[in-house]
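S.K.: Below is the file structure.cif, with mmCIF, C-alpha atoms.
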```
data_work
#
loop_
_atom_site.label_atom_id
_atom_site.label_comp_id
_atom_site.auth_asym_id
_atom_site.auth_seq_id
_atom_site.Cartn_x
_atom_site.Cartn_y
_atom_site.Cartn_z
CA MET Q 30 136.51 75.88 219.06
CA LYS Q 31 136.24 72.24 219.91
CA LYS Q 32 132.47 72.71 220.53
CA VAL Q 33 132.00 74.31 217.08
CA THR Q 34 133.85 71.41 215.42
CA VAL Q 35 131.58 68.87 217.13
CA GLN Q 36 128.48 70.79 216.04
CA LEU Q 37 129.72 70.97 212.46
CA PHE Q 38 130.42 67.25 212.53
CA ILE Q 39 126.89 66.48 213.74
CA ILE Q 40 125.39 68.75 211.06
CA LEU Q 41 127.47 66.99 208.41
CA ILE Q 42 126.24 63.58 209.58
CA ILE Q 43 122.58 64.73 209.52
CA CYS Q 44 123.03 66.14 206.01
CA SER Q 45 124.63 62.91 204.80
CA VAL Q 46 121.81 60.83 206.22
CA LEU Q 47 119.16 63.10 204.66
CA THR Q 48 120.92 62.99 201.29
CA ALA Q 49 121.08 59.23 201.47
CA ILE Q 50 117.35 59.00 202.31
CA ILE Q 51 116.39 61.31 199.46
CA SER Q 52 118.47 59.34 196.96
CA ILE Q 53 117.04 55.94 197.99
CA PRO Q 54 115.29 54.55 194.92
CA ASP Q 55 111.56 54.01 195.17
CA VAL Q 56 109.69 51.08 193.71
CA HIS Q 57 106.51 51.87 191.80
CA ALA Q 58 103.91 49.59 190.32
CA TRP Q 59 104.52 48.64 186.72
CA SER Q 60 102.58 50.36 183.99
CA TRP Q 61 102.85 49.86 180.26
CA ASP Q 62 102.76 53.56 179.41
CA SER Q 63 106.37 53.87 180.58
CA TYR Q 64 107.77 51.06 178.43
CA GLU Q 65 109.58 51.10 175.10
CA GLY Q 66 110.18 47.82 173.31
CA THR Q 67 108.36 44.87 171.79
CA THR Q 68 106.18 42.20 173.36
CA THR Q 69 104.51 39.13 171.87
CA TRP Q 70 101.24 37.61 172.92
CA ASP Q 71 99.27 34.43 172.33
CA VAL Q 72 95.73 35.66 171.66
CA VAL Q 73 92.41 33.82 171.55
CA VAL Q 74 89.97 35.79 169.43
CA THR Q 75 86.31 34.91 169.94
CA VAL Q 76 83.85 36.38 167.47
CA ASP Q 77 80.14 36.25 168.23
CA GLU Q 78 78.25 36.33 164.93
CA LYS Q 79 75.00 34.77 166.17
CA GLU Q 80 72.95 37.74 164.98
CA CYS Q 81 74.65 37.64 161.58
CA GLU Q 82 73.63 34.15 160.50
CA GLY Q 83 76.78 32.79 162.05
CA GLY Q 84 77.76 31.30 165.38
CA VAL Q 85 80.48 31.86 167.91
CA ARG Q 86 83.94 31.01 166.61
CA SER Q 87 87.34 31.17 168.23
CA GLU Q 88 90.80 31.21 166.74
CA ARG Q 89 94.30 31.55 168.13
CA ASN Q 90 96.76 34.14 166.80
CA THR Q 91 100.10 35.66 167.70
CA LEU Q 92 100.10 39.40 168.30
CA THR Q 93 103.13 41.67 168.48
CA ILE Q 94 102.90 45.01 170.19
CA THR Q 95 105.48 47.71 169.60
CA HIS Q 96 105.51 49.96 172.65
CA LYS Q 97 106.65 53.55 172.47
CA LYS Q 98 105.67 54.65 175.97
CA SER Q 99 102.03 55.76 175.70
CA THR Q 100 101.74 54.75 172.04
CA ALA Q 101 101.38 51.12 171.00
CA GLN Q 102 101.20 49.58 167.55
CA LEU Q 103 99.49 46.21 167.21
CA THR Q 104 100.17 43.86 164.30
CA ASP Q 105 97.41 42.72 161.95
CA MET Q 106 94.81 40.56 163.65
CA GLY Q 107 92.43 40.39 160.71
CA HIS Q 108 91.51 43.99 160.00
CA GLY Q 109 94.96 45.54 159.55
CA PRO Q 110 97.43 46.95 162.08
CA VAL Q 111 96.09 49.39 164.65
CA THR Q 112 97.56 52.01 166.92
CA GLY Q 113 96.34 52.66 170.45
CA THR Q 114 97.19 54.80 173.46
CA PHE Q 115 98.26 53.49 176.84
CA PHE Q 116 97.25 55.20 180.03
CA SER Q 117 98.60 53.23 182.93
CA ASN Q 118 97.68 49.61 182.06
CA ILE Q 119 94.73 50.35 179.81
CA LEU Q 120 95.21 50.54 176.07
CA THR Q 121 92.54 52.51 174.25
CA ILE Q 122 91.97 51.66 170.59
CA PRO Q 123 89.62 54.03 168.77
CA GLY Q 124 86.68 52.74 166.77
CA ARG Q 125 86.89 52.66 162.96
CA THR Q 126 85.02 51.65 159.82
CA ILE Q 127 86.56 49.01 157.54
CA ARG Q 128 85.75 47.23 154.29
CA ASP Q 129 84.64 43.75 155.25
CA GLY Q 130 83.90 41.28 152.44
CA SER Q 131 81.07 42.64 150.33
CA GLY Q 132 80.06 45.14 153.00
CA THR Q 133 81.44 47.35 155.72
CA SER Q 134 81.98 46.87 159.44
CA VAL Q 135 81.90 49.60 162.04
CA LEU Q 136 84.21 48.47 164.84
CA GLY Q 137 83.55 49.98 168.25
CA GLY Q 138 86.34 51.42 170.34
CA ALA Q 139 88.12 48.97 172.63
CA SER Q 140 89.57 49.38 176.11
CA VAL Q 141 92.19 46.68 176.52
CA THR Q 142 92.88 45.97 180.19
CA PHE Q 143 96.34 44.58 180.99
CA THR Q 144 96.83 42.80 184.31
CA PRO Q 145 99.38 44.31 186.71
CA ASP Q 146 101.59 41.18 186.40
CA CYS Q 147 102.08 42.03 182.68
CA LEU Q 148 101.09 38.51 181.65
CA SER Q 149 97.61 38.88 180.22
CA PHE Q 150 95.08 41.25 178.76
CA TYR Q 151 91.41 41.24 177.94
CA THR Q 152 89.00 43.23 175.83
CA LYS Q 153 85.66 42.92 174.13
CA TYR Q 154 84.28 45.38 171.62
CA PRO Q 155 81.05 45.61 169.63
CA TRP Q 156 80.78 45.83 165.85
CA ARG Q 157 78.09 46.29 163.24
CA TYR Q 158 78.21 44.72 159.81
CA LYS Q 159 76.20 45.95 156.83
CA ASP Q 160 75.91 44.84 153.22
CA SER Q 161 73.12 44.68 150.62
CA ARG Q 162 71.47 41.75 152.44
CA LEU Q 163 72.53 41.92 156.08
CA ASP Q 164 72.50 44.58 158.78
CA CYS Q 165 73.53 42.99 162.04
CA SER Q 166 75.81 43.33 165.04
CA GLY Q 167 78.05 41.21 167.22
CA THR Q 168 81.08 41.28 169.46
CA THR Q 169 84.74 40.32 169.32
CA MET Q 170 86.64 39.29 172.42
CA TYR Q 171 90.43 39.17 172.79
CA GLN Q 172 92.13 37.21 175.56
CA GLY Q 173 95.89 37.52 175.47
CA LYS Q 174 98.65 35.61 177.29
CA ARG Q 175 102.21 36.84 177.26
CA LYS Q 176 104.52 34.71 175.10
CA ASP Q 177 107.93 36.37 175.29
CA ALA Q 178 108.36 36.60 179.07
CA LYS Q 179 106.88 35.62 182.40
CA GLU Q 180 107.26 38.94 184.16
CA CYS Q 181 107.08 42.64 183.52
CA PRO Q 182 109.99 44.08 181.48
CA ASP Q 183 112.61 45.18 184.05
CA ALA Q 184 110.38 43.59 186.67
CA PHE Q 185 110.41 46.69 188.87
CA VAL Q 186 110.91 50.16 187.55
CA VAL Q 187 113.42 51.97 189.68
CA GLU Q 188 112.83 55.65 189.72
CA SER Q 189 114.44 58.37 191.71
CA HIS Q 190 112.47 59.49 194.68
CA SER Q 191 109.97 62.24 194.11
CA PRO Q 192 108.62 63.97 197.18
CA GLU Q 193 104.94 63.52 196.25
CA PRO Q 194 104.44 60.48 194.00
CA LEU Q 195 101.22 60.77 192.04
CA PRO Q 196 98.81 57.91 192.75
CA LEU Q 197 97.98 55.81 189.73
CA PRO Q 198 94.32 55.75 188.78
CA GLN Q 199 92.61 52.59 190.02
CA VAL Q 200 91.84 50.28 187.12
CA MET Q 201 88.13 49.47 187.02
CA ARG Q 202 86.76 46.86 184.69
CA THR Q 203 83.24 46.86 183.37
CA ALA Q 204 80.74 44.25 184.59
CA ALA Q 205 80.87 42.52 181.20
CA GLU Q 206 84.64 42.28 181.34
CA ILE Q 207 84.62 40.93 184.89
CA LYS Q 208 82.11 38.20 184.07
CA ASN Q 209 84.56 36.69 181.61
CA LEU Q 210 87.38 36.40 184.13
CA PRO Q 211 88.14 33.31 186.25
CA ALA Q 212 86.26 33.27 189.59
CA THR Q 213 89.28 34.22 191.70
CA GLU Q 214 90.01 37.23 189.52
CA GLN Q 215 86.32 38.16 189.49
CA LYS Q 216 86.30 38.16 193.29
CA ALA Q 217 89.31 40.46 193.40
CA GLU Q 218 87.71 42.84 190.91
CA TYR Q 219 84.40 42.98 192.79
CA GLU Q 220 86.20 43.53 196.09
CA LYS Q 221 88.10 46.37 194.45
CA ILE Q 222 84.78 47.96 193.45
CA LEU Q 223 83.32 47.40 196.93
CA ASP Q 224 86.33 49.05 198.54
CA LYS Q 225 85.28 52.18 196.72
CA ASN Q 226 81.54 51.74 197.11
CA PRO Q 227 80.45 49.11 199.66
CA ARG Q 228 76.81 49.49 198.55
CA ASP Q 229 77.43 48.71 194.88
CA PHE Q 230 74.52 46.42 194.06
CA GLN Q 231 76.00 44.57 191.11
CA ALA Q 232 79.33 43.88 192.81
CA ASN Q 233 77.64 42.67 196.01
CA TYR Q 234 75.15 40.53 194.10
CA ALA Q 235 77.73 38.98 191.76
CA LEU Q 236 80.16 38.36 194.62
CA ALA Q 237 77.34 36.71 196.61
CA HIS Q 238 76.84 34.16 193.84
CA ILE Q 239 80.55 33.44 193.53
CA LEU Q 240 80.64 32.80 197.30
CA LYS Q 241 77.59 30.54 196.99
CA ASP Q 242 79.36 28.48 194.33
CA GLU Q 243 82.29 28.18 196.73
CA LYS Q 244 79.82 26.99 199.41
CA ASP Q 245 80.59 30.02 201.58
CA TYR Q 246 76.93 30.39 202.57
CA PRO Q 247 77.38 32.95 205.38
CA GLY Q 248 79.36 35.06 202.90
CA TYR Q 249 76.58 34.68 200.33
CA VAL Q 250 73.91 35.75 202.84
CA GLN Q 251 75.96 38.73 203.97
CA ARG Q 252 76.48 39.95 200.40
CA ILE Q 253 72.84 39.45 199.41
CA ASP Q 254 71.74 41.46 202.44
CA LYS Q 255 74.15 44.21 201.47
CA ALA Q 256 73.01 44.19 197.83
CA LEU Q 257 69.34 44.43 198.77
CA GLU Q 258 70.03 47.49 200.92
CA ASN Q 259 70.31 49.33 197.62
CA LYS Q 260 66.59 49.92 197.14
CA ASN Q 261 66.63 51.12 193.53
CA TYR Q 262 68.48 48.07 192.26
CA ALA Q 263 66.61 45.73 194.59
CA GLU Q 264 63.36 46.95 193.05
CA LYS Q 265 64.79 46.48 189.54
CA LEU Q 266 65.85 42.94 190.48
CA ARG Q 267 62.35 42.22 191.81
CA LYS Q 268 60.73 43.47 188.59
CA ALA Q 269 63.16 41.48 186.48
CA ARG Q 270 62.43 38.33 188.48
CA GLN Q 271 58.69 38.87 188.12
CA ASP Q 272 59.02 39.35 184.37
CA GLU Q 273 61.13 36.20 184.10
CA VAL Q 274 58.60 34.14 186.10
CA LYS Q 275 55.66 35.47 184.10
CA LYS Q 276 57.39 34.68 180.82
CA ARG Q 277 58.54 31.23 181.91
CA LEU Q 278 55.17 30.19 183.30
CA GLY Q 279 53.13 31.89 180.59
CA LEU Q 280 51.21 34.09 183.02
CA THR Q 281 49.12 36.87 181.55
CA ILE Q 282 48.05 38.40 184.86
CA ASP Q 283 50.36 39.43 187.72
CA PRO Q 284 49.74 37.06 190.66
CA THR Q 285 48.83 38.99 193.82
CA THR Q 286 47.96 38.17 197.41
CA VAL Q 287 44.31 38.71 196.41
CA THR Q 288 44.22 36.53 193.32
CA VAL Q 289 46.50 33.75 194.53
CA PRO Q 290 45.69 32.63 198.11
CA ILE Q 291 48.95 30.70 198.42
CA ILE Q 292 50.88 33.99 198.12
CA PHE Q 293 48.65 35.46 200.82
CA ALA Q 294 49.45 32.47 203.03
CA ALA Q 295 53.19 32.84 202.40
CA LYS Q 296 52.98 36.52 203.28
CA GLY Q 297 51.12 35.60 206.46
CA ASP Q 298 53.89 33.15 207.36
CA LEU Q 299 56.57 35.81 207.01
CA ASP Q 300 54.56 38.53 208.76
CA LYS Q 301 53.70 36.35 211.74
CA ILE Q 302 57.05 34.81 212.52
CA VAL Q 303 59.38 36.67 214.88
CA GLN Q 304 62.72 35.17 213.89
CA PRO Q 305 62.43 33.71 210.39
CA MET Q 306 65.04 31.02 209.91
CA ILE Q 307 66.11 29.66 206.58
CA TYR Q 308 69.01 27.29 206.03
CA ASP Q 309 69.97 27.85 209.68
CA PHE Q 310 70.35 31.58 209.04
CA ASN Q 311 68.28 33.99 211.03
CA VAL Q 312 66.81 36.33 208.45
CA LEU Q 313 66.52 39.35 210.66
CA LYS Q 314 63.25 41.19 210.36
CA THR Q 315 63.43 44.86 209.59
CA PRO Q 316 60.68 47.46 209.33
CA ASP Q 317 61.11 47.04 205.57
CA THR Q 318 59.04 43.93 204.89
CA ARG Q 319 59.65 44.12 201.14
CA SER Q 320 63.32 43.50 201.82
CA LEU Q 321 62.43 40.48 203.97
CA TYR Q 322 60.23 39.01 201.22
CA GLN Q 323 62.95 39.57 198.67
CA LYS Q 324 65.60 37.94 200.83
CA TRP Q 325 63.33 34.96 201.26
CA THR Q 326 62.76 34.66 197.52
CA GLU Q 327 66.47 34.96 196.91
CA TYR Q 328 67.49 32.37 199.49
CA LEU Q 329 64.79 29.89 198.51
CA SER Q 330 65.62 30.08 194.84
CA ASN Q 331 69.23 29.20 195.65
CA LYS Q 332 70.13 25.80 196.96
CA LEU Q 333 72.37 26.55 199.95
CA ARG Q 334 72.35 23.05 201.41
CA GLU Q 335 71.86 19.62 200.00
CA PRO Q 336 68.48 17.97 200.92
CA VAL Q 337 68.66 15.68 203.95
CA THR Q 338 69.35 12.12 202.91
CA ASN Q 339 68.84 9.01 204.91
CA MET E 2 22.02 -28.00 216.60
CA LYS E 3 25.04 -28.48 214.31
CA THR E 4 23.75 -25.72 212.03
CA LYS E 5 23.35 -23.35 215.00
CA ILE E 6 26.94 -23.99 216.11
CA LEU E 7 28.17 -23.34 212.58
CA ILE E 8 26.24 -20.03 212.37
CA ILE E 9 27.59 -18.91 215.75
CA LEU E 10 31.13 -19.84 214.71
CA GLY E 11 30.66 -17.96 211.43
CA ILE E 12 29.47 -14.84 213.25
CA LEU E 13 32.41 -15.08 215.65
CA LEU E 14 34.87 -15.46 212.80
CA PHE E 15 33.35 -12.51 210.91
CA THR E 16 33.49 -10.33 214.07
CA LEU E 17 37.07 -11.37 214.66
CA LEU E 18 38.06 -10.48 211.10
CA ILE E 19 36.41 -7.04 211.36
CA ALA E 20 38.14 -6.44 214.70
CA CYS E 21 41.52 -7.44 213.31
CA LYS E 22 41.09 -5.20 210.28
CA THR E 23 40.22 -2.24 212.51
CA GLN E 24 43.10 -2.79 214.90
CA THR E 25 45.88 -3.27 212.31
CA PRO E 26 45.22 -0.91 209.43
CA THR E 27 47.70 -1.07 206.59
CA GLU E 28 47.95 2.74 206.58
CA PRO E 29 47.11 4.50 209.83
CA THR E 30 44.76 7.39 209.26
CA CYS E 31 44.59 10.60 211.22
CA ASN E 32 41.97 13.26 211.59
CA THR E 33 44.22 15.96 212.97
CA LYS E 34 47.57 17.49 212.12
CA ASP E 35 48.89 16.65 215.57
CA CYS E 36 48.14 12.98 215.00
CA PHE E 37 49.78 13.15 211.60
CA ILE E 38 52.90 14.80 213.02
CA THR E 39 53.25 12.16 215.74
CA LYS E 40 52.99 9.28 213.30
CA ALA E 41 55.17 10.91 210.67
CA ASN E 42 57.79 11.61 213.31
CA ASN E 43 57.92 7.86 213.96
CA CYS E 44 58.27 7.31 210.21
CA GLU E 45 54.88 5.50 210.16
CA ASN E 46 53.01 5.45 206.89
CA VAL E 47 50.22 7.98 207.24
CA ASN E 48 48.27 10.48 205.21
CA ILE E 49 45.63 13.11 205.77
CA ASP E 50 43.64 15.60 203.72
CA VAL E 51 43.42 19.05 205.31
CA THR E 52 41.45 22.09 204.25
CA GLU E 53 43.73 25.08 204.65
CA ASP E 54 42.94 28.77 204.02
CA PHE E 55 44.49 28.55 200.57
CA GLY E 56 42.99 25.22 199.50
CA THR E 57 42.93 21.48 200.16
CA VAL E 58 46.20 19.74 200.84
CA ASN E 59 47.16 16.11 201.22
CA TYR E 60 49.94 15.45 203.69
CA ALA E 61 51.49 12.00 203.45
CA SER E 62 54.45 10.30 205.01
CA LYS E 63 55.98 7.02 204.02
CA ASP E 64 59.36 5.58 204.95
CA CYS E 65 60.58 8.90 206.37
CA VAL E 66 59.68 10.84 203.24
CA PHE E 67 57.08 13.57 203.64
CA THR E 68 54.98 14.54 200.62
CA LYS E 69 52.70 17.55 200.35
CA THR E 70 50.22 17.67 197.47
CA LEU E 71 48.10 20.68 196.73
CA ILE E 72 44.82 19.03 195.71
CA SER E 73 42.89 22.18 194.98
CA THR E 74 43.27 25.89 195.49
CA ASN E 75 41.49 29.12 194.71
CA GLY E 76 42.82 31.78 192.39
CA THR E 77 42.92 32.59 188.73
CA GLU E 78 42.57 29.72 186.28
CA GLU E 79 46.18 30.02 185.12
CA THR E 80 47.61 29.92 188.65
CA LYS E 81 45.28 27.07 189.66
CA LYS E 82 46.61 25.10 186.70
CA LEU E 83 50.18 25.84 187.80
CA LEU E 84 49.67 24.80 191.41
CA GLU E 85 47.03 22.08 191.59
CA SER E 86 48.19 18.46 191.79
CA LYS E 87 51.78 19.61 192.32
CA THR E 88 53.84 18.02 195.06
CA LEU E 89 56.93 18.58 197.13
CA SER E 90 58.85 15.92 199.03
CA CYS E 91 61.19 16.16 201.97
CA LYS E 92 63.38 13.38 203.36
CA TYR E 93 63.92 13.30 207.09
CA GLU E 94 65.29 11.12 209.83
CA GLN E 95 63.15 9.39 212.43
CA SER E 96 62.23 11.78 215.29
CA LYS E 97 63.31 14.74 213.17
CA PHE E 98 60.08 15.51 211.33
CA ASP E 99 59.83 19.26 210.68
CA GLN E 100 56.38 20.34 211.88
CA ARG E 101 56.63 23.53 209.81
CA TRP E 102 55.96 21.43 206.70
CA VAL E 103 52.33 21.09 207.74
CA ASN E 104 51.96 24.37 209.60
CA SER E 105 53.25 26.82 207.01
CA ILE E 106 53.67 27.31 203.29
CA ILE E 107 57.30 28.30 203.18
CA PHE E 108 59.13 27.48 206.38
CA GLY E 109 61.24 24.37 206.10
CA ILE E 110 60.79 23.89 202.37
CA GLU E 111 64.39 24.84 201.67
CA TYR E 112 65.22 21.18 202.33
CA CYS E 113 62.46 19.85 200.04
CA GLU E 114 62.29 19.20 196.33
CA GLY E 115 59.47 19.18 193.84
CA GLU E 116 57.35 21.18 191.46
CA LEU E 117 55.18 22.57 194.25
CA LYS E 118 58.25 24.04 195.93
CA ASP E 119 59.43 25.55 192.62
CA ARG E 120 56.03 27.16 192.01
CA ILE E 121 55.84 28.54 195.56
CA VAL E 122 59.28 30.09 195.11
CA ASP E 123 58.09 31.57 191.81
CA MET E 124 55.02 33.04 193.49
CA LEU E 125 57.14 34.62 196.24
CA ALA E 126 58.52 37.00 193.61
CA PHE E 127 55.11 38.66 193.64
CA LEU E 128 55.03 39.34 197.39
#
```
Now, as a test, write the supplied structure out as structure tokens.

M.R.:
Amino acid sequence: MKKVTVQLFIILIICSVLTAIISIPDVHAWSWDSYEGTTTWDVVVTVDEKECEGGVRSERNTLTITHKKSTAQLTDMGHGPVTGTFFSNILTIPGRTIRDGSGTSVLGGASVTFTPDCLSFYTKYPWRYKDSRLDCSGTTMYQGKRKDAKECPDAFVVESHSPEPLPLPQVMRTAAEIKNLPATEQKAEYEKILDKNPRDFQANYALAHILKDEKDYPGYVQRIDKALENKNYAEKLRKARQDEVKKRLGLTIDPTTVTVPIIFAAKGDLDKIVQPMIYDFNVLKTPDTRSLYQKWTEYLSNKLREPVTN
Amino acid sequence: MKTKILIILGILLFTLLIACKTQTPTEPTCNTKDCFITKANNCENVNIDVTEDFGTVNYASKDCVFTKTLISTNGTEETKKLLESKTLSCKYEQSKFDQRWVNSIIFGIEYCEGELKDRIVDMLAFL
């Protein structure tokens, strides 16, 4: 009898512990599609009208967003109020056509990316304006900073434990969006992309140049090497560089090792040397000589050290 | 007799002047790259014209600054125009002259500046 009582007691304790574990609240990352309420934002609107006989102008506005979980209503920012749909931290606003002065504007759809700290957002969308005289296009960029608070509403959402929490989709920004972010944020975004695809040419190449600006030259070299492993993009980069040089120097014929002896001599230099060094880095030779030439062009066209001074 | 002495003295003076001029040139000249490298390494003022496979080049060094000038080269008219008469310069410290500047087109030029360097980098895109 006594033995049965002890066993029952142990079972009761185990059950209590398990119940307690199951009921422990879990902390999930914030996302706007779960929020209901109002937020206010300080927004810098930059309109690029260069192709429409205008320039680039910026103005500051206050924006109020009324959140109803996945639905969000934005106050008038020049073309009337709009409604969008949140999925995680991305607000999608559909494109529309509006009356605009004496003509009409077709506004492209916008994906507004909100940062996980709930303090800023960014978007850029294209538009096309048409009237009896003009038919041109441009872009509008929104950069918002939170005005009403310095943290996410209810900083952490406490939810009851679910056995298999669904992973949130990773937020990926487009290259154009990333370019407009501060360098530190750009780095984080590119690293996020490279976590998914370490051979992503654009992320490696862009990150290389950020590292160069930070004078992290070994980091720059490593990223350039990685970028150039992607042959398709490396070839596109080579063609683009050739086109740029031809245009800038006004060349009508492609220079080749046959027509320009100095190129032949440079090729000879690279082919002969066993361990080509540049800026103290050993540019390792590989069977792919094209890659070696391209690395050399890339490194030489970027100043990685200051010239020696007396 | 006096005239003879004067003539002899004149000849001696003339010979002495020639000898002095030969022994202390204002700009030492070299006929080989090795000679140029030695003098440049000591930061002596020196220059030399060399016919390379790709054209004629003037290598000069003065006050620890090396200058390479492409005097003439072969190629299409438009590339000749882009490259000829262009220079690149590289500062260095005494005893630290980089021999690659006279032995190759590209090695070592990362530390140099000038239009010739820029054009060489441009041409590398076509390798």

S.K.: By how many Å are CA of Cys44 (chain E) and CA of Asp119 (chain E) apart?

M.R.: 25.4 Å

S.K.: Mind pulling up the distance from CA of Asn233 (chain Q) to CA of Lys216 (chain Q)?

M.R.: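 Atom-to-atom, CA of Lys216 (chain Q) and CA of Asn233 (chain Q) are spaced 10.1 Å apart.
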
S.K.: What lies within 9 Å of Leu240 (chain Q) using all atoms listed in the file, ignoring chain neighbours under 5 positions off, as an MDAnalysis selection string?

M.R.: chainID Q and resid 216 235 245:249 252

S.K.: Within 12 Å of (57.3, 45.5, 201.4), all atoms listed in the file: residues as a PyMOL selection string?

M.R.: (chain Q and resi 260+263-264+267+296+299-300+314-324) or (chain E and resi 126-128)

S.K.: List the residues sitting within 12 Å of (58.3, 30.1, 183.6) in the file's frame, using all atoms listed in the file, as a list in words.

M.R.: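 Using all atoms listed in the file, the matching residues come out as Arg270, Gln271, Asp272, Glu273, Val274, Lys275, Lys276, Arg277, Leu278, Gly279, Leu280 and Thr281 of chain Q; Thr80, Leu83, Glu116, Asp119, Arg120, Val122, Asp123 and Met124 of chain E.
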
S.K.: Save the residues we just selected, C-alpha atoms, as a PDB file, in the frame of the given file?

M.R.:
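Saved result, part.pdb, follows:
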```
ATOM      1  CA  ARG Q 270      62.430  38.330 188.480  1.00  0.00           C
ATOM      2  CA  GLN Q 271      58.690  38.870 188.120  1.00  0.00           C
ATOM      3  CA  ASP Q 272      59.020  39.350 184.370  1.00  0.00           C
ATOM      4  CA  GLU Q 273      61.130  36.200 184.100  1.00  0.00           C
ATOM      5  CA  VAL Q 274      58.600  34.140 186.100  1.00  0.00           C
ATOM      6  CA  LYS Q 275      55.660  35.470 184.100  1.00  0.00           C
ATOM      7  CA  LYS Q 276      57.390  34.680 180.820  1.00  0.00           C
ATOM      8  CA  ARG Q 277      58.540  31.230 181.910  1.00  0.00           C
ATOM      9  CA  LEU Q 278      55.170  30.190 183.300  1.00  0.00           C
ATOM     10  CA  GLY Q 279      53.130  31.890 180.590  1.00  0.00           C
ATOM     11  CA  LEU Q 280      51.210  34.090 183.020  1.00  0.00           C
ATOM     12  CA  THR Q 281      49.120  36.870 181.550  1.00  0.00           C
TER      13      THR Q 281
ATOM     14  CA  THR E  80      47.610  29.920 188.650  1.00  0.00           C
ATOM     15  CA  LEU E  83      50.180  25.840 187.800  1.00  0.00           C
ATOM     16  CA  GLU E 116      57.350  21.180 191.460  1.00  0.00           C
ATOM     17  CA  ASP E 119      59.430  25.550 192.620  1.00  0.00           C
ATOM     18  CA  ARG E 120      56.030  27.160 192.010  1.00  0.00           C
ATOM     19  CA  VAL E 122      59.280  30.090 195.110  1.00  0.00           C
ATOM     20  CA  ASP E 123      58.090  31.570 191.810  1.00  0.00           C
ATOM     21  CA  MET E 124      55.020  33.040 193.490  1.00  0.00           C
TER      22      MET E 124
END
```

S.K.: Can you turn the PyMOL selection byres ((chain Q and resi 108-115) around 9) into a concrete residue list for this file, as a ChimeraX atom specification?

M.R.: /Q:60-63,98-107,116-123,127-129
